[in-house]
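Just below is one structure, and these are the notes that go with it.
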Amino acid sequence: MGETTGPERTIQPFTEPVPTWPRPPVGGWPVDDLMTLPGLPRHTELIDGSLVFPAPRRRFDSVMISLVCEGLRSSVPAGFRAYSGMTVVVDRANAPEPDVLVVREEAVGGLGQRSFPVDGVALAVEVVSPDSESRDRTTKPHKYAAAGIEHFWLVEMEGEDDHPVVRVYERDPVTRTYLCTGIHRDRLRLPVPYPLDIDLTAVDDF
(Lines give C-alpha, C1' and ligand atoms only; values in the text may rest on other atoms or scores of the structure.)
Protein backbone atom coordinates (compact mmCIF):
# COMPACT_ATOMS: atom_id res chain seq x y z
CA MET A 1 0.00 0.00 0.00
CA GLY A 2 1.43 3.38 -0.93
CA GLU A 3 2.01 6.10 1.64
CA THR A 4 -0.36 9.02 1.48
CA THR A 5 0.81 12.50 2.25
CA GLY A 6 -1.00 15.74 2.91
CA PRO A 7 -0.75 18.82 0.75
CA GLU A 8 2.61 20.53 0.72
CA ARG A 9 2.90 23.59 2.94
CA THR A 10 4.78 26.68 1.84
CA ILE A 11 6.87 28.11 4.68
CA GLN A 12 6.89 31.90 4.60
CA PRO A 13 10.17 33.48 5.68
CA PHE A 14 10.03 35.81 8.69
CA THR A 15 10.38 39.39 7.62
CA GLU A 16 10.39 42.68 9.50
CA PRO A 17 9.04 45.93 8.10
CA VAL A 18 11.67 47.76 6.08
CA PRO A 19 11.71 51.53 6.61
CA THR A 20 11.06 53.63 3.55
CA TRP A 21 13.91 56.12 3.16
CA PRO A 22 13.55 59.11 0.86
CA ARG A 23 15.45 58.75 -2.40
CA PRO A 24 17.65 61.75 -3.21
CA PRO A 25 17.09 63.58 -6.49
CA VAL A 26 19.85 63.84 -9.07
CA GLY A 27 22.41 66.28 -7.70
CA GLY A 28 21.39 65.70 -4.07
CA TRP A 29 18.81 67.24 -1.79
CA PRO A 30 18.40 71.02 -1.74
CA VAL A 31 17.91 72.98 1.49
CA ASP A 32 14.23 73.57 0.77
CA ASP A 33 13.59 69.80 0.89
CA LEU A 34 15.36 69.49 4.25
CA MET A 35 12.79 71.87 5.66
CA THR A 36 9.76 70.17 4.08
CA LEU A 37 10.42 66.41 3.82
CA PRO A 38 8.00 64.57 6.13
CA GLY A 39 9.21 62.12 8.76
CA LEU A 40 12.84 63.21 9.04
CA PRO A 41 14.36 62.66 12.50
CA ARG A 42 14.97 65.77 14.59
CA HIS A 43 18.42 67.32 14.06
CA THR A 44 18.83 65.89 10.54
CA GLU A 45 21.53 67.83 8.67
CA LEU A 46 22.24 68.43 5.00
CA ILE A 47 25.89 68.00 4.00
CA ASP A 48 26.84 68.24 0.32
CA GLY A 49 23.29 67.38 -0.69
CA SER A 50 23.12 64.27 1.51
CA LEU A 51 20.87 63.85 4.54
CA VAL A 52 22.82 63.07 7.71
CA PHE A 53 20.71 61.48 10.44
CA PRO A 54 21.60 62.03 14.11
CA ALA A 55 22.82 59.25 16.39
CA PRO A 56 21.81 59.01 20.08
CA ARG A 57 23.79 61.48 22.19
CA ARG A 58 26.10 60.55 25.05
CA ARG A 59 25.64 62.23 28.40
CA PHE A 60 28.89 64.15 27.72
CA ASP A 61 27.43 65.64 24.54
CA SER A 62 24.21 66.73 26.25
CA VAL A 63 26.05 68.15 29.27
CA MET A 64 28.54 70.16 27.21
CA ILE A 65 25.85 71.57 24.92
CA SER A 66 23.93 72.79 27.97
CA LEU A 67 27.05 74.08 29.75
CA VAL A 68 28.37 76.02 26.76
CA CYS A 69 24.99 77.40 25.72
CA GLU A 70 24.14 78.57 29.24
CA GLY A 71 27.61 80.07 29.63
CA LEU A 72 27.22 82.03 26.41
CA ARG A 73 23.74 83.22 27.37
CA SER A 74 24.84 84.34 30.84
CA SER A 75 27.04 87.07 29.37
CA VAL A 76 25.48 87.73 25.98
CA PRO A 77 25.37 91.47 25.21
CA ALA A 78 22.80 93.37 23.23
CA GLY A 79 23.06 92.52 19.56
CA PHE A 80 23.70 88.77 19.99
CA ARG A 81 21.69 85.64 20.85
CA ALA A 82 22.87 82.12 21.78
CA TYR A 83 21.00 78.96 20.71
CA SER A 84 21.38 75.20 20.50
CA GLY A 85 19.94 72.83 17.92
CA MET A 86 19.28 75.33 15.11
CA THR A 87 20.08 74.82 11.43
CA VAL A 88 22.46 77.14 9.57
CA VAL A 89 21.88 77.55 5.83
CA VAL A 90 25.33 77.74 4.24
CA ASP A 91 24.28 77.24 0.62
CA ARG A 92 21.81 75.25 -1.51
CA ALA A 93 23.37 71.89 -0.63
CA ASN A 94 24.58 72.49 2.93
CA ALA A 95 22.53 73.10 6.06
CA PRO A 96 24.46 71.80 9.07
CA GLU A 97 23.29 72.13 12.66
CA PRO A 98 25.98 73.33 15.06
CA ASP A 99 25.49 72.03 18.59
CA VAL A 100 25.61 75.62 19.86
CA LEU A 101 25.75 78.90 17.97
CA VAL A 102 25.78 82.63 18.53
CA VAL A 103 23.90 84.74 16.01
CA ARG A 104 23.57 88.45 15.46
CA GLU A 105 20.24 89.86 16.55
CA GLU A 106 19.26 91.00 13.07
CA ALA A 107 19.23 87.34 11.94
CA VAL A 108 16.57 86.43 14.51
CA GLY A 109 12.98 86.27 13.27
CA GLY A 110 9.73 84.96 14.72
CA LEU A 111 9.25 81.96 16.99
CA GLY A 112 8.50 79.77 13.97
CA GLN A 113 11.97 80.34 12.53
CA ARG A 114 13.75 77.05 11.74
CA SER A 115 17.14 78.19 10.46
CA PHE A 116 19.60 81.07 10.36
CA PRO A 117 21.48 82.40 7.32
CA VAL A 118 25.20 81.78 7.59
CA ASP A 119 26.03 85.50 7.38
CA GLY A 120 24.13 86.03 10.64
CA VAL A 121 26.29 83.55 12.61
CA ALA A 122 29.16 84.85 14.76
CA LEU A 123 30.17 81.56 16.44
CA ALA A 124 29.59 77.87 15.71
CA VAL A 125 30.34 75.20 18.33
CA GLU A 126 30.60 71.46 17.65
CA VAL A 127 30.74 68.81 20.39
CA VAL A 128 32.61 65.84 18.93
CA SER A 129 30.95 62.45 19.30
CA PRO A 130 32.19 59.07 17.97
CA ASP A 131 29.77 59.01 15.02
CA SER A 132 30.44 62.62 13.95
CA GLU A 133 34.20 62.91 14.50
CA SER A 134 35.20 63.45 10.87
CA ARG A 135 32.37 65.89 10.15
CA ASP A 136 33.01 67.92 13.32
CA ARG A 137 36.79 68.10 12.93
CA THR A 138 37.08 68.49 9.16
CA THR A 139 33.95 68.88 7.05
CA LYS A 140 32.00 71.41 9.08
CA PRO A 141 34.90 73.70 10.10
CA HIS A 142 35.96 73.92 6.45
CA LYS A 143 32.47 74.94 5.37
CA TYR A 144 31.99 77.36 8.28
CA ALA A 145 35.29 79.13 7.58
CA ALA A 146 34.73 79.30 3.82
CA ALA A 147 31.26 80.76 4.43
CA GLY A 148 32.60 83.51 6.69
CA ILE A 149 31.80 82.42 10.27
CA GLU A 150 34.51 84.19 12.24
CA HIS A 151 34.64 82.00 15.35
CA PHE A 152 34.56 78.23 15.82
CA TRP A 153 34.93 76.03 18.93
CA LEU A 154 35.57 72.30 19.00
CA VAL A 155 34.56 70.56 22.25
CA GLU A 156 35.97 67.10 22.97
CA MET A 157 36.30 64.57 25.78
CA GLU A 158 39.83 63.61 26.80
CA GLY A 159 41.76 61.68 29.44
CA GLU A 160 40.76 58.84 31.73
CA ASP A 161 38.42 61.15 33.64
CA ASP A 162 36.54 62.19 30.46
CA HIS A 163 37.45 65.83 31.05
CA PRO A 164 36.21 68.41 28.51
CA VAL A 165 38.65 70.34 26.36
CA VAL A 166 37.66 73.27 24.14
CA ARG A 167 39.79 74.26 21.16
CA VAL A 168 39.13 77.83 20.04
CA TYR A 169 39.60 78.98 16.45
CA GLU A 170 39.43 82.31 14.64
CA ARG A 171 39.04 82.79 10.91
CA ASP A 172 41.91 84.23 8.88
CA PRO A 173 40.24 86.50 6.27
CA VAL A 174 43.14 86.02 3.85
CA THR A 175 43.25 82.20 3.76
CA ARG A 176 39.57 81.81 4.77
CA THR A 177 40.60 79.05 7.16
CA TYR A 178 40.59 78.71 10.95
CA LEU A 179 43.63 79.26 13.14
CA CYS A 180 43.74 77.77 16.65
CA THR A 181 44.06 80.56 19.22
CA GLY A 182 43.87 78.50 22.42
CA ILE A 183 43.15 75.18 24.12
CA HIS A 184 41.07 75.36 27.32
CA ARG A 185 40.49 72.63 29.91
CA ASP A 186 39.35 74.29 33.14
CA ARG A 187 38.08 77.73 32.24
CA LEU A 188 37.04 79.35 28.99
CA ARG A 189 37.72 83.06 29.36
CA LEU A 190 37.66 84.96 26.05
CA PRO A 191 37.12 88.48 24.69
CA VAL A 192 35.43 87.29 21.46
CA PRO A 193 32.84 87.05 20.00
CA TYR A 194 32.08 89.00 23.22
CA PRO A 195 33.56 88.90 26.73
CA LEU A 196 32.70 85.57 28.36
CA ASP A 197 33.81 83.28 31.19
CA ILE A 198 32.67 79.63 31.28
CA ASP A 199 33.70 77.22 34.05
CA LEU A 200 34.41 73.94 32.25
CA THR A 201 34.76 72.06 35.55
CA ALA A 202 31.02 72.55 36.22
CA VAL A 203 30.12 69.41 34.27
CA ASP A 204 29.00 67.65 37.45
CA ASP A 205 26.28 70.28 37.95
CA PHE A 206 24.34 68.95 34.96
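Note on naming: chains are A, B, ... as they come in the C-alpha coordinates, residues start from 1 per chain, ligands start from 1 in the order shown.
Once Pro173 in chain A and its same-chain neighbours fewer than 3 positions away are set aside, Ala145, Ala146, Ala147, Gly148, Ile149, Glu150, His151, Glu170, Arg176, Thr177, Tyr178 and Leu179 of chain A remain within 12 Å of it when counting only C-alpha atoms.
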For the selection you just gave me, I'd like the residues written to a file as a PDB file, in the first residue's frame, keeping N, CA, C and O atoms.
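Full text of again33.pdb as output:
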```
ATOM      1  N   ALA A 145      34.267  78.113   7.859  1.00  0.00           N
ATOM      2  CA  ALA A 145      35.289  79.127   7.581  1.00  0.00           C
ATOM      3  C   ALA A 145      35.123  79.700   6.174  1.00  0.00           C
ATOM      4  O   ALA A 145      35.211  80.914   5.973  1.00  0.00           O
ATOM      5  N   ALA A 146      34.891  78.831   5.199  1.00  0.00           N
ATOM      6  CA  ALA A 146      34.729  79.300   3.820  1.00  0.00           C
ATOM      7  C   ALA A 146      33.513  80.209   3.675  1.00  0.00           C
ATOM      8  O   ALA A 146      33.506  81.122   2.849  1.00  0.00           O
ATOM      9  N   ALA A 147      32.486  79.970   4.510  1.00  0.00           N
ATOM     10  CA  ALA A 147      31.256  80.763   4.434  1.00  0.00           C
ATOM     11  C   ALA A 147      31.330  82.054   5.231  1.00  0.00           C
ATOM     12  O   ALA A 147      30.410  82.872   5.163  1.00  0.00           O
ATOM     13  N   GLY A 148      32.412  82.239   6.008  1.00  0.00           N
ATOM     14  CA  GLY A 148      32.603  83.514   6.686  1.00  0.00           C
ATOM     15  C   GLY A 148      32.292  83.546   8.166  1.00  0.00           C
ATOM     16  O   GLY A 148      32.299  84.630   8.769  1.00  0.00           O
ATOM     17  N   ILE A 149      32.021  82.420   8.816  1.00  0.00           N
ATOM     18  CA  ILE A 149      31.799  82.418  10.270  1.00  0.00           C
ATOM     19  C   ILE A 149      33.133  82.671  10.960  1.00  0.00           C
ATOM     20  O   ILE A 149      34.079  81.894  10.802  1.00  0.00           O
ATOM     21  N   GLU A 150      33.222  83.736  11.729  1.00  0.00           N
ATOM     22  CA  GLU A 150      34.513  84.195  12.239  1.00  0.00           C
ATOM     23  C   GLU A 150      35.062  83.333  13.375  1.00  0.00           C
ATOM     24  O   GLU A 150      36.283  83.215  13.535  1.00  0.00           O
ATOM     25  N   HIS A 151      34.176  82.736  14.176  1.00  0.00           N
ATOM     26  CA  HIS A 151      34.638  81.999  15.351  1.00  0.00           C
ATOM     27  C   HIS A 151      34.082  80.580  15.361  1.00  0.00           C
ATOM     28  O   HIS A 151      32.913  80.353  15.019  1.00  0.00           O
ATOM     29  N   GLU A 170      39.871  81.078  15.291  1.00  0.00           N
ATOM     30  CA  GLU A 170      39.427  82.308  14.639  1.00  0.00           C
ATOM     31  C   GLU A 170      39.749  82.231  13.155  1.00  0.00           C
ATOM     32  O   GLU A 170      40.750  81.640  12.744  1.00  0.00           O
ATOM     33  N   ARG A 176      40.944  82.295   4.555  1.00  0.00           N
ATOM     34  CA  ARG A 176      39.568  81.813   4.769  1.00  0.00           C
ATOM     35  C   ARG A 176      39.572  80.450   5.448  1.00  0.00           C
ATOM     36  O   ARG A 176      38.763  79.581   5.154  1.00  0.00           O
ATOM     37  N   THR A 177      40.516  80.269   6.365  1.00  0.00           N
ATOM     38  CA  THR A 177      40.599  79.052   7.164  1.00  0.00           C
ATOM     39  C   THR A 177      40.710  79.430   8.631  1.00  0.00           C
ATOM     40  O   THR A 177      40.984  80.597   8.971  1.00  0.00           O
ATOM     41  N   TYR A 178      40.516  78.450   9.514  1.00  0.00           N
ATOM     42  CA  TYR A 178      40.593  78.710  10.950  1.00  0.00           C
ATOM     43  C   TYR A 178      42.009  78.508  11.478  1.00  0.00           C
ATOM     44  O   TYR A 178      42.719  77.587  11.077  1.00  0.00           O
ATOM     45  N   LEU A 179      42.382  79.379  12.416  1.00  0.00           N
ATOM     46  CA  LEU A 179      43.634  79.264  13.144  1.00  0.00           C
ATOM     47  C   LEU A 179      43.312  79.031  14.610  1.00  0.00           C
ATOM     48  O   LEU A 179      42.460  79.720  15.174  1.00  0.00           O
TER      49      LEU A 179
END
```
Each range 138-189 of chain A residue no farther than 8 Å from range 81-104 of chain A, nearest pair in Å, only C-alpha atoms, as a Markdown table:
```
| residue | atom | partner | partner_atom | distance |
| --- | --- | --- | --- | --- |
| A:Lys140 | CA | A:Pro96 | CA | 7.5 |
| A:Lys143 | CA | A:Val90 | CA | 7.8 |
| A:Tyr144 | CA | A:Val90 | CA | 7.8 |
| A:Ala147 | CA | A:Val90 | CA | 6.7 |
```
Q: For Val166 in chain A, work out the shell of residues within 7 Å, counting only C-alpha atoms and skipping chain neighbours fewer than 3 positions away, then give it as a list of chain:residue names.
A: A:Trp153, A:Leu154, A:Val155, A:Glu156, A:Ile183, A:His184, A:Arg185
Q: Would you please extract all strand (DSSP E) residues from range 52-201 of chain A, as assigned by DSSP on the backbone, and give them as number ranges by chain?
A: A: 52, 80-84, 87-89, 100-104, 115-117, 121-127, 151-158, 163-172, 177-184, 187-190, 196-199
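The closest residue to Asp162 in chain A, picked from A:Ser115, A:Thr201, A:Ser66, A:Ser74 and counting only C-alpha atoms, is A:Thr201.
Take the candidates A:Val108, A:Val203, A:Met157, A:Leu40 and check each one against Pro130 in chain A using only C-alpha atoms; the shortest distance goes to A:Met157.
Across A:Ser134, A:Val174, A:Pro193, A:Val76, the tightest approach to Val121 in chain A is made by A:Pro193 when counting only C-alpha atoms.
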